[in-house]
Each structure stands twice: as C-alpha cells, then as structure tokens.
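Q: Contents of upload.txt (compact mmCIF, C-alpha atoms and all ligand atoms) are below:
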# COMPACT_ATOMS: atom_id res chain seq x y z
CA MET S 651 0.00 0.00 0.00
CA GLU S 652 1.01 3.59 -0.51
CA ILE S 653 0.41 6.25 2.13
CA LYS S 654 0.36 9.96 1.36
CA PHE S 655 -0.07 12.88 3.76
CA TRP S 656 -2.40 15.65 2.58
CA GLY S 657 -2.90 17.21 6.03
CA THR S 658 -0.71 16.85 9.11
CA ARG S 659 -1.81 19.65 11.42
CA GLY S 660 -4.08 19.42 14.46
CA SER S 661 -6.84 21.64 15.80
CA ILE S 662 -6.91 24.41 13.15
CA PRO S 663 -5.20 25.09 9.81
CA SER S 664 -1.96 26.97 10.31
CA PRO S 665 -0.63 28.32 7.01
CA GLY S 666 2.35 30.65 6.96
CA PRO S 667 6.09 30.86 6.52
CA HIS S 668 6.79 28.83 9.67
CA THR S 669 4.82 25.71 8.64
CA LEU S 670 6.03 25.20 5.08
CA GLU S 671 8.08 22.09 5.84
CA PHE S 672 5.49 20.04 7.74
CA GLY S 673 2.36 21.71 6.38
CA GLY S 674 -0.52 23.78 7.65
CA ASN S 675 -3.51 21.71 6.47
CA THR S 676 -5.42 19.61 8.99
CA SER S 677 -5.70 15.82 9.15
CA CYS S 678 -6.05 13.90 5.88
CA VAL S 679 -4.19 10.77 4.78
CA GLU S 680 -4.62 8.88 1.52
CA VAL S 681 -4.00 5.13 1.51
CA LEU S 682 -3.82 3.59 -1.94
CA LEU S 683 -4.16 -0.18 -1.62
CA ASN S 684 -2.26 -2.58 -3.88
CA SER S 685 -5.65 -3.50 -5.35
CA GLY S 686 -5.96 0.10 -6.56
CA ARG S 687 -8.74 0.87 -4.09
CA ARG S 688 -8.35 4.29 -2.49
CA LEU S 689 -8.96 4.87 1.22
CA VAL S 690 -8.99 8.35 2.69
CA ILE S 691 -8.58 8.79 6.43
CA ASP S 692 -10.14 12.01 7.77
CA GLY S 693 -11.56 15.00 5.96
CA GLY S 694 -9.44 17.83 7.31
CA THR S 695 -8.46 20.75 5.06
CA GLY S 696 -5.88 18.54 3.30
CA LEU S 697 -8.85 16.81 1.65
CA ARG S 698 -9.40 19.88 -0.55
CA LEU S 699 -6.03 19.35 -2.25
CA LEU S 700 -6.62 15.61 -2.60
CA GLY S 701 -9.95 16.40 -4.28
CA LYS S 702 -8.21 18.71 -6.74
CA HIS S 703 -5.67 15.99 -7.49
CA LEU S 704 -8.41 13.38 -8.04
CA MET S 705 -10.39 15.71 -10.32
CA GLU S 706 -7.34 16.02 -12.58
CA ALA S 707 -7.53 12.29 -13.31
CA ALA S 708 -10.09 11.35 -15.93
CA SER S 709 -11.75 8.51 -14.00
CA PRO S 710 -14.72 8.91 -11.64
CA VAL S 711 -13.80 9.22 -7.98
CA SER S 712 -14.60 6.25 -5.75
CA ILE S 713 -13.24 6.15 -2.20
CA HIS S 714 -13.70 4.70 1.25
CA LEU S 715 -13.68 7.63 3.69
CA LEU S 716 -12.67 6.59 7.22
CA LEU S 717 -13.46 9.24 9.82
CA SER S 718 -11.43 9.09 13.04
CA HIS S 719 -13.94 11.31 14.83
CA GLY S 720 -16.14 14.33 14.39
CA HIS S 721 -13.99 17.22 15.56
CA TRP S 722 -13.90 20.08 13.07
CA ASP S 723 -10.20 19.81 12.18
CA HIS S 724 -11.03 16.35 10.78
CA LEU S 725 -14.09 17.47 8.77
CA LEU S 726 -13.30 21.00 7.53
CA GLY S 727 -12.19 19.86 4.10
CA ILE S 728 -15.30 17.87 3.22
CA PRO S 729 -17.40 20.76 1.79
CA PHE S 730 -14.34 21.73 -0.30
CA PHE S 731 -13.77 18.23 -1.69
CA THR S 732 -14.78 19.00 -5.29
CA PRO S 733 -15.65 15.36 -6.21
CA ILE S 734 -18.53 15.54 -3.71
CA TYR S 735 -20.35 17.77 -6.26
CA GLN S 736 -19.98 15.22 -9.09
CA ALA S 737 -22.74 12.69 -9.75
CA SER S 738 -20.13 10.14 -10.83
CA THR S 739 -18.46 10.15 -7.37
CA GLU S 740 -19.03 7.34 -4.90
CA ILE S 741 -18.04 7.74 -1.23
CA LEU S 742 -18.39 4.90 1.26
CA VAL S 743 -18.10 6.31 4.77
CA ASP S 744 -17.06 4.37 7.86
CA GLY S 745 -15.26 5.04 11.14
CA TRP S 746 -16.37 6.53 14.43
CA PRO S 747 -20.19 6.50 14.15
CA PRO S 748 -20.97 10.02 15.46
CA ALA S 749 -18.48 11.39 12.92
CA PHE S 750 -20.84 10.65 10.03
CA GLN S 751 -23.59 12.65 11.74
CA ALA S 752 -21.09 15.44 12.31
CA MET S 753 -20.11 15.31 8.63
CA THR S 754 -23.72 15.83 7.54
CA ARG S 755 -24.22 18.64 10.05
CA VAL S 756 -21.38 20.65 8.56
CA PHE S 757 -23.65 21.20 5.57
CA ASP S 758 -26.86 23.13 5.69
CA SER S 759 -30.13 21.28 6.22
CA HIS S 760 -33.75 22.24 5.66
CA MET S 761 -33.52 23.79 9.13
CA GLY S 762 -30.76 26.10 7.87
CA ASP S 763 -28.56 24.98 10.76
CA GLY S 764 -25.33 23.98 8.99
CA PHE S 765 -22.05 25.84 8.63
CA PHE S 766 -22.09 25.83 4.84
CA PRO S 767 -24.53 27.20 2.23
CA VAL S 768 -25.02 23.89 0.39
CA ALA S 769 -27.38 21.30 1.87
CA PHE S 770 -26.05 17.78 2.46
CA ASP S 771 -29.09 16.29 0.68
CA HIS S 772 -28.28 18.32 -2.45
CA LEU S 773 -24.77 16.89 -2.88
CA LYS S 774 -24.53 15.08 -6.19
CA ALA S 775 -22.12 12.34 -5.11
CA ARG S 776 -23.48 9.03 -3.93
CA ILE S 777 -22.60 8.87 -0.22
CA ASP S 778 -23.26 5.63 1.66
CA TYR S 779 -22.67 5.17 5.35
CA LEU S 780 -21.38 1.65 6.01
CA ASN S 781 -21.11 1.66 9.82
CA ARG S 782 -19.20 -1.65 9.87
CA LEU S 783 -16.10 -0.75 11.88
CA ALA S 784 -18.11 -0.16 15.04
CA HIS S 785 -19.07 -3.84 14.90
CA GLY S 786 -15.89 -5.54 13.67
CA PRO S 787 -13.31 -5.54 10.90
CA LEU S 788 -14.02 -4.10 7.48
CA GLU S 789 -12.73 -6.00 4.44
CA VAL S 790 -11.87 -3.90 1.40
CA GLU S 791 -10.65 -5.78 -1.66
CA GLY S 792 -8.35 -8.09 0.26
CA ALA S 793 -7.29 -5.57 2.89
CA ARG S 794 -8.49 -5.83 6.45
CA ILE S 795 -9.27 -2.73 8.50
CA ASP S 796 -9.69 -2.83 12.28
CA ALA S 797 -10.59 0.00 14.63
CA ILE S 798 -9.70 0.82 18.22
CA PRO S 799 -11.42 3.43 20.40
CA THR S 800 -9.09 6.33 21.16
CA ASN S 801 -8.64 8.23 24.43
CA HIS S 802 -10.25 11.45 23.28
CA PRO S 803 -13.06 13.75 24.41
CA GLN S 804 -16.29 12.56 22.71
CA GLY S 805 -14.44 9.46 21.48
CA GLY S 806 -12.91 8.37 18.20
CA PHE S 807 -11.31 5.49 16.33
CA GLY S 808 -7.75 4.62 15.38
CA PHE S 809 -7.37 2.36 12.33
CA ARG S 810 -5.15 -0.59 11.43
CA ILE S 811 -4.92 -1.51 7.76
CA LYS S 812 -3.37 -4.82 6.76
CA GLU S 813 -2.78 -5.81 3.15
CA ASP S 814 -0.49 -8.46 1.64
CA GLY S 815 1.28 -9.07 4.96
CA HIS S 816 2.04 -5.39 5.63
CA THR S 817 0.38 -3.28 8.25
CA MET S 818 0.00 0.42 8.90
CA VAL S 819 -1.73 1.94 11.91
CA PHE S 820 -3.13 5.45 12.08
CA ILE S 821 -4.06 6.80 15.51
CA THR S 822 -4.76 10.50 15.78
CA ASP S 823 -6.25 12.46 18.66
CA SER S 824 -5.51 9.96 21.41
CA GLU S 825 -4.11 10.63 24.85
CA LEU S 826 -1.90 7.68 25.71
CA GLY S 827 -1.30 9.06 29.19
CA ALA S 828 -5.01 9.25 30.07
CA ASP S 829 -5.91 7.41 33.30
CA ARG S 830 -2.19 7.00 34.02
CA GLY S 831 -1.68 5.13 30.78
CA GLN S 832 -3.79 2.14 31.77
CA ARG S 833 -4.76 1.38 28.15
CA LEU S 834 -1.15 1.29 26.95
CA PRO S 835 -1.06 -2.57 26.76
CA GLU S 836 -4.25 -2.52 24.66
CA PHE S 837 -2.79 0.04 22.25
CA ALA S 838 0.52 -1.88 22.15
CA GLU S 839 -1.38 -5.00 21.10
CA PHE S 840 -3.21 -3.03 18.40
CA VAL S 841 0.03 -1.69 16.87
CA ARG S 842 1.96 -4.97 17.43
CA ASP S 843 4.80 -5.42 14.89
CA CYS S 844 3.26 -3.00 12.40
CA ASP S 845 5.44 -1.71 9.58
CA LEU S 846 4.28 1.87 10.06
CA LEU S 847 2.62 3.66 12.96
CA ILE S 848 1.32 7.18 12.41
CA HIS S 849 0.39 8.63 15.80
CA ASP S 850 -0.73 11.91 17.29
CA ALA S 851 2.10 13.66 19.16
CA GLN S 852 0.67 17.14 19.49
CA TYR S 853 2.03 17.94 22.92
CA LEU S 854 5.33 18.22 24.73
CA PRO S 855 5.85 16.71 28.18
CA GLU S 856 5.89 20.26 29.60
CA ASP S 857 2.36 20.87 28.26
CA PHE S 858 1.14 18.57 31.03
CA PRO S 859 -0.59 18.59 33.48
CA GLU S 860 -2.34 21.70 32.08
CA ARG S 861 -3.53 19.87 28.98
CA ARG S 862 -4.36 16.57 30.63
CA GLY S 863 -7.75 15.44 29.34
CA TRP S 864 -7.52 17.35 26.03
CA GLY S 865 -6.99 14.06 24.21
CA HIS S 866 -3.45 14.20 22.80
CA SER S 867 -0.09 12.52 23.40
CA THR S 868 3.55 13.52 23.67
CA TYR S 869 6.39 12.16 21.54
CA GLU S 870 7.69 10.42 24.69
CA GLU S 871 4.48 8.49 25.16
CA VAL S 872 4.34 7.60 21.46
CA VAL S 873 7.95 6.33 21.40
CA THR S 874 7.13 4.21 24.47
CA LEU S 875 4.09 2.78 22.69
CA ALA S 876 6.13 2.10 19.55
CA ARG S 877 8.75 0.24 21.60
CA GLU S 878 6.18 -1.78 23.55
CA GLY S 879 4.42 -2.72 20.33
CA GLY S 880 7.55 -3.54 18.31
CA VAL S 881 6.67 -0.90 15.72
CA HIS S 882 9.17 -0.74 12.84
CA ASN S 883 8.66 2.80 11.58
CA LEU S 884 7.07 5.72 13.39
CA ILE S 885 5.64 8.98 12.11
CA LEU S 886 4.44 11.67 14.50
CA THR S 887 1.46 13.71 13.36
CA HIS S 888 -1.35 16.13 14.37
CA HIS S 889 1.24 18.86 14.93
CA ASP S 890 0.17 21.62 17.26
CA PRO S 891 -1.00 24.67 15.24
CA GLY S 892 1.43 26.86 17.18
CA ARG S 893 4.43 24.64 16.41
CA THR S 894 6.92 26.04 13.89
CA ASP S 895 8.91 23.85 11.49
CA ALA S 896 11.99 24.30 13.69
CA GLU S 897 10.02 23.18 16.74
CA VAL S 898 8.73 20.07 14.96
CA GLU S 899 12.32 19.29 13.87
CA LYS S 900 13.29 19.49 17.54
CA ILE S 901 10.56 16.98 18.46
CA ILE S 902 11.88 14.56 15.81
CA GLU S 903 15.36 14.91 17.23
CA LEU S 904 14.17 14.30 20.80
CA ALA S 905 12.11 11.27 19.73
CA ARG S 906 15.08 9.81 17.87
CA GLN S 907 17.34 10.30 20.89
CA LEU S 908 14.78 8.56 23.07
CA ALA S 909 14.59 5.58 20.73
CA THR S 910 18.36 5.21 20.36
CA GLY S 911 19.65 1.89 21.62
CA GLY S 912 16.30 0.11 21.46
CA PRO S 913 15.47 -2.39 18.73
CA ASN S 914 12.47 -0.41 17.52
CA PRO S 915 11.36 1.81 15.98
CA HIS S 916 14.30 2.07 13.60
CA TYR S 917 12.88 5.02 11.65
CA ILE S 918 11.23 8.09 13.15
CA ASP S 919 10.01 11.20 11.40
CA ALA S 920 7.20 13.72 11.59
CA ALA S 921 4.37 13.79 9.06
CA ARG S 922 5.09 16.20 6.22
CA GLU S 923 2.37 17.43 3.88
CA GLY S 924 2.96 15.76 0.50
CA ALA S 925 5.20 12.99 1.85
CA CYS S 926 4.54 9.53 0.48
CA TYR S 927 5.48 6.12 1.93
CA ARG S 928 5.23 2.72 0.36
CA LEU S 929 4.82 -0.62 2.18
CA PRO S 930 6.85 -2.72 1.62
ZN ZN S 1001 -7.73 16.80 15.84
ZN ZN S 1002 -10.12 15.71 18.16
Would you mind writing the structure in this file as structure tokens?
Ligand SMILES: [Zn+2]
Ligand SMILES: [Zn+2]

A:
Amino acid sequence: MEIKFWGTRGSIPSPGPHTLEFGGNTSCVEVLLNSGRRLVIDGGTGLRLLGKHLMEAASPVSIHLLLSHGHWDHLLGIPFFTPIYQASTEILVDGWPPAFQAMTRVFDSHMGDGFFPVAFDHLKARIDYLNRLAHGPLEVEGARIDAIPTNHPQGGFGFRIKEDGHTMVFITDSELGADRGQRLPEFAEFVRDCDLLIHDAQYLPEDFPERRGWGHSTYEEVVTLAREGGVHNLILTHHDPGRTDAEVEKIIELARQLATGGPNPHYIDAAREGACYRLP
C-alpha cells in the first residue's frame, strides 16, 4: 500500500512561513491499496487538495472515507472536496459512528442549521454510510481494517490496515497518558509489529498537566508505545497549530534520541504534507 499525507496539522489550519516544511492543512491521509482501491482517512483541510488531485484524473472518484472522529479539524475539508459535487463520485463512509452525523451537520439542512450554504441532501455524489467498523473488521478488496477506540473527548477510532502481509496503523487524537496510561497494553497490542505507525504527538511533556484530558499525546508516550508494540517505523502527526517547522524538527530529534539503543522503531520522522510512503 502507498500512504500519502495531505494534512498533518491538528486543531486548526496553520498556514504561513513557519509551517512550510510540515504543512498547515489539517488531518487527511490517503491510503492507496495494492488492489488500486483508495482509502482516505479524515476530511481535514488537506482533503481539498486531494480532491483537486483526483479531479485532474479522468476517472470517476470512488473512495472509502474513514473518519477518526467528528472534531472540526477532521471534517473541515469535506465541503471543499470537489468530487462531492460530481454525480459520478461514490463515497463509502465508515469510522467513528458520530463522525458521520457530524459530517452531515457541517452542511446546511432544511432547518438552515449547517455551517455551509449547500445542503447535504443536495450533494450530487453518492454517499453511503457503512457503519461496519463499530461492529468488527471491514474488508476492502483483500485488505483488512480494524478500529480501536481512542482516548479522546467525545471518542474516536484509530485504524489498522493490513494488506499483503504489511500493516499500517493510524491513531490520531488519542491521549496515551489518560488514566495513568492504563490502556497502553491494549494500544501496544493493536500496533503490534506493524510496519508503520502514524500517531498523534501534538504535545510536549511540559504541556502537562495543564492539557491533561484534552486528548493528545507527547512524543515520549508515542515512542514508548512504539517500543512496547515492536513498531518498525514511526511517524508523528497532528502537529500543534502553534508549532513552527523548527520546533517540529526538535521533536523529531528528541524522539530519535529517546529511541536510540532500542530495537524499535528504527525510523522516526514527523508527518510532512505531500510525503509519500510505500509498504513494503
Ligand atoms: Zn484533531
Ligand atoms: Zn479531536
């Protein structure tokens, strides 16, 4: 499978000269399966650029959209995803169940209560809500997708995608240190031996205890999880909107120092908008 970052930022878009390296668009990751099937995780503002890219190809757009949760930084791009206005587009939605409701509420309704002038019911694309992941794994053309509840206010899902013996895990907006880290063994089992873990590392250790309960992790906690789970490659994401490129570079450096000497993970980086990874 091939993984491409279209949005790496958390909380709110943060364009400007200090975020050019890692990107200012919010959460959106494209996963192109070996079968050719396209999965999109989250509909943050990065989804707008992915939509533009897909519209440039001649073929109709058909995707699985996996929503981690319903917070705005993970939905903001959906009304600006141009393929949603094409009748030829097919979108199968799954993920954290309340996130689909949140996605429809972004748009206007007959009550006029949305945040956008176009009504959800007037969108031309065919949008089907699968709601499978809340009840077990989802099979997509030979790939298996599993979900794990995150530690996050109002809840959410992390996803594990396995195809042809290779596994990537995407967990955003999850506070590993919640309840004194009591779910760490469960998360370690979920990420066990994966080729690539992409995990929220929005905060620094010094941001706590003030931000305890806000639903995010530190690079220290994520490196610990990666070690416990035998993760091969680690990418830190959901960068704080106030974090400059230089500050994200510093976090990478600190995470690498922390992992030195251990068997895993042997590669650590931070998510960069436009970066692409291929498994194997
Ligand atoms: Zn978020
Ligand atoms: Zn969130």

Q: Which distance in Å separates CA of Ser867 in chain S and CA of Gly827 in chain S, to one decimal?

A: 6.9 Å

Q: Pick out the closest residue to Arg687 in chain S from this set: S:Glu652, S:Glu899, S:Glu878, S:Glu836. Count only C-alpha atoms.

A: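 Nearest to Arg687 in chain S: S:Glu652.
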
Q: Would you tabulate, counting all atoms listed in the file, all residues of chain S that have an atom at most 12 Å from an atom of ligand ZN 1002 (chain S), showing the closest pair of atoms and their distance in Å to one decimal, sorted by chain then ascending number, as a Markdown table?

A:
| residue | atom | partner | partner_atom | distance |
| --- | --- | --- | --- | --- |
| S:Arg659 | CA | S:ZN1002 | ZN | 11.4 |
| S:Gly660 | CA | S:ZN1002 | ZN | 8.0 |
| S:Ser661 | CA | S:ZN1002 | ZN | 7.2 |
| S:Ile662 | CA | S:ZN1002 | ZN | 10.5 |
| S:Thr676 | CA | S:ZN1002 | ZN | 11.0 |
| S:Ser677 | CA | S:ZN1002 | ZN | 10.0 |
| S:Asp692 | CA | S:ZN1002 | ZN | 11.0 |
| S:Gly694 | CA | S:ZN1002 | ZN | 11.1 |
| S:Leu717 | CA | S:ZN1002 | ZN | 11.1 |
| S:Ser718 | CA | S:ZN1002 | ZN | 8.5 |
| S:His719 | CA | S:ZN1002 | ZN | 6.7 |
| S:Gly720 | CA | S:ZN1002 | ZN | 7.2 |
| S:His721 | CA | S:ZN1002 | ZN | 4.9 |
| S:Trp722 | CA | S:ZN1002 | ZN | 7.7 |
| S:Asp723 | CA | S:ZN1002 | ZN | 7.3 |
| S:His724 | CA | S:ZN1002 | ZN | 7.5 |
| S:Leu725 | CA | S:ZN1002 | ZN | 10.3 |
| S:Trp746 | CA | S:ZN1002 | ZN | 11.7 |
| S:Ala749 | CA | S:ZN1002 | ZN | 10.8 |
| S:Thr800 | CA | S:ZN1002 | ZN | 9.9 |
| S:Asn801 | CA | S:ZN1002 | ZN | 9.9 |
| S:His802 | CA | S:ZN1002 | ZN | 6.7 |
| S:Pro803 | CA | S:ZN1002 | ZN | 7.2 |
| S:Gln804 | CA | S:ZN1002 | ZN | 8.3 |
| S:Gly805 | CA | S:ZN1002 | ZN | 8.3 |
| S:Gly806 | CA | S:ZN1002 | ZN | 7.9 |
| S:Phe807 | CA | S:ZN1002 | ZN | 10.5 |
| S:Gly808 | CA | S:ZN1002 | ZN | 11.7 |
| S:Ile821 | CA | S:ZN1002 | ZN | 11.1 |
| S:Thr822 | CA | S:ZN1002 | ZN | 7.8 |
| S:Asp823 | CA | S:ZN1002 | ZN | 5.1 |
| S:Ser824 | CA | S:ZN1002 | ZN | 8.1 |
| S:Glu825 | CA | S:ZN1002 | ZN | 10.3 |
| S:Asp850 | CA | S:ZN1002 | ZN | 10.2 |
| S:Gln852 | CA | S:ZN1002 | ZN | 11.0 |
| S:Gly863 | CA | S:ZN1002 | ZN | 11.4 |
| S:Trp864 | CA | S:ZN1002 | ZN | 8.4 |
| S:Gly865 | CA | S:ZN1002 | ZN | 7.0 |
| S:His866 | CA | S:ZN1002 | ZN | 8.3 |
| S:Ser867 | CA | S:ZN1002 | ZN | 11.8 |
| S:His888 | CA | S:ZN1002 | ZN | 9.6 |
| S:Asp890 | CA | S:ZN1002 | ZN | 11.9 |

Q: Restricting it to C-alpha atoms, dump the selection as a PDB file, in the coordinates of the input.

A:
ATOM      1  CA  ARG S 659      -1.810  19.650  11.420  1.00  0.00           C
ATOM      2  CA  GLY S 660      -4.080  19.420  14.460  1.00  0.00           C
ATOM      3  CA  SER S 661      -6.840  21.640  15.800  1.00  0.00           C
ATOM      4  CA  ILE S 662      -6.910  24.410  13.150  1.00  0.00           C
ATOM      5  CA  THR S 676      -5.420  19.610   8.990  1.00  0.00           C
ATOM      6  CA  SER S 677      -5.700  15.820   9.150  1.00  0.00           C
ATOM      7  CA  ASP S 692     -10.140  12.010   7.770  1.00  0.00           C
ATOM      8  CA  GLY S 694      -9.440  17.830   7.310  1.00  0.00           C
ATOM      9  CA  LEU S 717     -13.460   9.240   9.820  1.00  0.00           C
ATOM     10  CA  SER S 718     -11.430   9.090  13.040  1.00  0.00           C
ATOM     11  CA  HIS S 719     -13.940  11.310  14.830  1.00  0.00           C
ATOM     12  CA  GLY S 720     -16.140  14.330  14.390  1.00  0.00           C
ATOM     13  CA  HIS S 721     -13.990  17.220  15.560  1.00  0.00           C
ATOM     14  CA  TRP S 722     -13.900  20.080  13.070  1.00  0.00           C
ATOM     15  CA  ASP S 723     -10.200  19.810  12.180  1.00  0.00           C
ATOM     16  CA  HIS S 724     -11.030  16.350  10.780  1.00  0.00           C
ATOM     17  CA  LEU S 725     -14.090  17.470   8.770  1.00  0.00           C
ATOM     18  CA  TRP S 746     -16.370   6.530  14.430  1.00  0.00           C
ATOM     19  CA  ALA S 749     -18.480  11.390  12.920  1.00  0.00           C
ATOM     20  CA  THR S 800      -9.090   6.330  21.160  1.00  0.00           C
ATOM     21  CA  ASN S 801      -8.640   8.230  24.430  1.00  0.00           C
ATOM     22  CA  HIS S 802     -10.250  11.450  23.280  1.00  0.00           C
ATOM     23  CA  PRO S 803     -13.060  13.750  24.410  1.00  0.00           C
ATOM     24  CA  GLN S 804     -16.290  12.560  22.710  1.00  0.00           C
ATOM     25  CA  GLY S 805     -14.440   9.460  21.480  1.00  0.00           C
ATOM     26  CA  GLY S 806     -12.910   8.370  18.200  1.00  0.00           C
ATOM     27  CA  PHE S 807     -11.310   5.490  16.330  1.00  0.00           C
ATOM     28  CA  GLY S 808      -7.750   4.620  15.380  1.00  0.00           C
ATOM     29  CA  ILE S 821      -4.060   6.800  15.510  1.00  0.00           C
ATOM     30  CA  THR S 822      -4.760  10.500  15.780  1.00  0.00           C
ATOM     31  CA  ASP S 823      -6.250  12.460  18.660  1.00  0.00           C
ATOM     32  CA  SER S 824      -5.510   9.960  21.410  1.00  0.00           C
ATOM     33  CA  GLU S 825      -4.110  10.630  24.850  1.00  0.00           C
ATOM     34  CA  ASP S 850      -0.730  11.910  17.290  1.00  0.00           C
ATOM     35  CA  GLN S 852       0.670  17.140  19.490  1.00  0.00           C
ATOM     36  CA  GLY S 863      -7.750  15.440  29.340  1.00  0.00           C
ATOM     37  CA  TRP S 864      -7.520  17.350  26.030  1.00  0.00           C
ATOM     38  CA  GLY S 865      -6.990  14.060  24.210  1.00  0.00           C
ATOM     39  CA  HIS S 866      -3.450  14.200  22.800  1.00  0.00           C
ATOM     40  CA  SER S 867      -0.090  12.520  23.400  1.00  0.00           C
ATOM     41  CA  HIS S 888      -1.350  16.130  14.370  1.00  0.00           C
ATOM     42  CA  ASP S 890       0.170  21.620  17.260  1.00  0.00           C
TER      43      ASP S 890
END

Q: Would you compute an axis-aligned box for range 830-843 of chain S, covering every atom listed for it in the file with 5 Å of margin on each side, and report centre and edge lengths in Å to one decimal as lines of an AutoDock Vina configuration file?

A:
center_x = 0.0
center_y = 0.8
center_z = 24.5
size_x = 19.6
size_y = 22.4
size_z = 29.1

Q: Of the candidates S:His849, S:Arg842, S:Lys900, S:His882, which one gets nearest to ligand ZN 1001 (chain S) if we count all atoms listed in the file?

A: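 Among the listed residues, the smallest separation from ligand ZN 1001 (chain S) belongs to S:His849.
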
Q: Arg893 in chain S: which residues within 10 Å, counting all atoms listed in the file, same-chain residues fewer than 2 positions away excluded, as a PyMOL selection string?

A: chain S and resi 659+664+668-669+672+852-853+889-891+895-899

Q: What does the distance between CA of Ala925 in chain S and CA of Glu839 in chain S come to in Å, to one decimal place?

A: 27.2 Å

Q: One decimal, Å: what's the distance from CA of Ile811 in chain S over to CA of Arg794 in chain S, could you say?

A: 5.8 Å

Q: Counting only C-alpha atoms, what is within 8 Å of Phe770 in chain S, bar same-chain residues fewer than 4 positions away, as a list in words?

A: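 What passes the distance filter is Thr754, Arg755, Phe757, Asp758 and Ser759 of chain S.
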
Q: Would you pick out the contacts of Ala793 in chain S at 12 Å or less, using only C-alpha atoms, so that residues sharing its chain but fewer than 5 positions from it are not included, and give the list as a list of chain:residue names?

A: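 Final neighbour list, sorted by chain and number: S:Met651, S:Val681, S:Leu682, S:Leu683, S:Asn684, S:Ser685, S:Gly686, S:Arg687, S:Arg688, S:Leu689, S:Pro787, S:Leu788, S:Arg810, S:Ile811, S:Lys812, S:Glu813, S:Asp814, S:Gly815, S:His816, S:Thr817, S:Met818.
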
Q: Here is a test: counting all atoms listed in the file, which residue of S:Leu884, S:Ala797, S:Ala851, S:Asp763 is nearest to ligand ZN 1001 (chain S)?

A: S:Ala851

Q: In terms of the shortest atom-to-atom distance over only C-alpha atoms, which of S:Ile901, S:Ala707, S:Leu783, S:Leu716 is closest to Glu680 in chain S?

A: S:Leu716

Q: Which protein, DNA or RNA residues are at most 6 Å from (-3.9, 18.7, 3.4) in the file's coordinates when you count only C-alpha atoms, listed as a list of chain:residue names?

A: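 Neighbouring residues, ordered by chain and number, come to S:Trp656, S:Gly657, S:Asn675, S:Thr676, S:Cys678, S:Thr695, S:Gly696, S:Leu697.
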
Q: Could you name the residues that touch Val881 in chain S at 7 Å or less, counting all atoms listed in the file, but leaving out those on the same chain fewer than 6 positions away, as a list in words?

A: Val841, Arg842, Asp843, Cys844, Asp845, Leu846, Leu847, Asn914 and Pro915 of chain S

Q: Pick out the closest residue to ligand ZN 1001 (chain S) from this set: S:Gln736, S:Glu923, S:Val679, S:Thr887. Count only C-alpha atoms and all ligand atoms.

A: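 Among S:Gln736, S:Glu923, S:Val679, S:Thr887, it is S:Thr887 that comes nearest to ligand ZN 1001 (chain S).
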
Q: Got a sec: who's within 8 Å of Pro665 in chain S, counting all atoms listed in the file, leaving out chain neighbours fewer than 5 positions off, as a ChimeraX atom specification?

A: /S:670,673-675

Q: Please, could you write that set of residues out with C-alpha atoms as a CSV table (one decimal), keeping the file's coordinate frame?

A:
chain,number,residue,atom,x,y,z
S,670,LEU,CA,6.0,25.2,5.1
S,673,GLY,CA,2.4,21.7,6.4
S,674,GLY,CA,-0.5,23.8,7.6
S,675,ASN,CA,-3.5,21.7,6.5

Q: For Ala876 in chain S, which residue out of S:Arg862, S:His916, S:Arg698, S:Arg833 is the nearest one, using all atoms listed in the file?

A: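 For Ala876 in chain S, the nearest of the given residues is S:His916.
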
Q: Please extract range 765-769 of chain S and write it out with all heavy atoms, as a PDB file, in the first residue's frame.

A:
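So result.pdb came out as:
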ATOM      1  N   PHE S 765     -23.102  24.813   8.650  1.00  0.00           N
ATOM      2  CA  PHE S 765     -22.053  25.843   8.629  1.00  0.00           C
ATOM      3  C   PHE S 765     -21.657  26.179   7.194  1.00  0.00           C
ATOM      4  O   PHE S 765     -20.621  26.780   6.951  1.00  0.00           O
ATOM      5  CB  PHE S 765     -20.803  25.345   9.382  1.00  0.00           C
ATOM      6  CG  PHE S 765     -21.088  25.007  10.811  1.00  0.00           C
ATOM      7  CD1 PHE S 765     -21.251  23.689  11.211  1.00  0.00           C
ATOM      8  CD2 PHE S 765     -21.201  26.014  11.766  1.00  0.00           C
ATOM      9  CE1 PHE S 765     -21.520  23.383  12.540  1.00  0.00           C
ATOM     10  CE2 PHE S 765     -21.477  25.708  13.092  1.00  0.00           C
ATOM     11  CZ  PHE S 765     -21.635  24.385  13.478  1.00  0.00           C
ATOM     12  N   PHE S 766     -22.466  25.732   6.242  1.00  0.00           N
ATOM     13  CA  PHE S 766     -22.092  25.829   4.836  1.00  0.00           C
ATOM     14  C   PHE S 766     -23.367  26.057   4.025  1.00  0.00           C
ATOM     15  O   PHE S 766     -24.416  25.509   4.360  1.00  0.00           O
ATOM     16  CB  PHE S 766     -21.416  24.500   4.419  1.00  0.00           C
ATOM     17  CG  PHE S 766     -20.629  24.591   3.163  1.00  0.00           C
ATOM     18  CD1 PHE S 766     -19.448  25.325   3.098  1.00  0.00           C
ATOM     19  CD2 PHE S 766     -21.070  23.945   2.004  1.00  0.00           C
ATOM     20  CE1 PHE S 766     -18.720  25.413   1.931  1.00  0.00           C
ATOM     21  CE2 PHE S 766     -20.341  24.027   0.823  1.00  0.00           C
ATOM     22  CZ  PHE S 766     -19.165  24.761   0.797  1.00  0.00           C
ATOM     23  N   PRO S 767     -23.294  26.849   2.936  1.00  0.00           N
ATOM     24  CA  PRO S 767     -24.530  27.200   2.234  1.00  0.00           C
ATOM     25  C   PRO S 767     -25.197  26.054   1.468  1.00  0.00           C
ATOM     26  O   PRO S 767     -26.385  26.124   1.160  1.00  0.00           O
ATOM     27  CB  PRO S 767     -24.083  28.306   1.264  1.00  0.00           C
ATOM     28  CG  PRO S 767     -22.607  28.164   1.150  1.00  0.00           C
ATOM     29  CD  PRO S 767     -22.136  27.590   2.443  1.00  0.00           C
ATOM     30  N   VAL S 768     -24.445  24.999   1.171  1.00  0.00           N
ATOM     31  CA  VAL S 768     -25.023  23.894   0.391  1.00  0.00           C
ATOM     32  C   VAL S 768     -25.579  22.835   1.340  1.00  0.00           C
ATOM     33  O   VAL S 768     -24.928  22.469   2.322  1.00  0.00           O
ATOM     34  CB  VAL S 768     -23.940  23.266  -0.524  1.00  0.00           C
ATOM     35  CG1 VAL S 768     -24.509  22.092  -1.299  1.00  0.00           C
ATOM     36  CG2 VAL S 768     -23.370  24.317  -1.463  1.00  0.00           C
ATOM     37  N   ALA S 769     -26.768  22.327   1.025  1.00  0.00           N
ATOM     38  CA  ALA S 769     -27.382  21.299   1.872  1.00  0.00           C
ATOM     39  C   ALA S 769     -26.777  19.930   1.584  1.00  0.00           C
ATOM     40  O   ALA S 769     -26.467  19.610   0.431  1.00  0.00           O
ATOM     41  CB  ALA S 769     -28.883  21.265   1.630  1.00  0.00           C
TER      42      ALA S 769
END
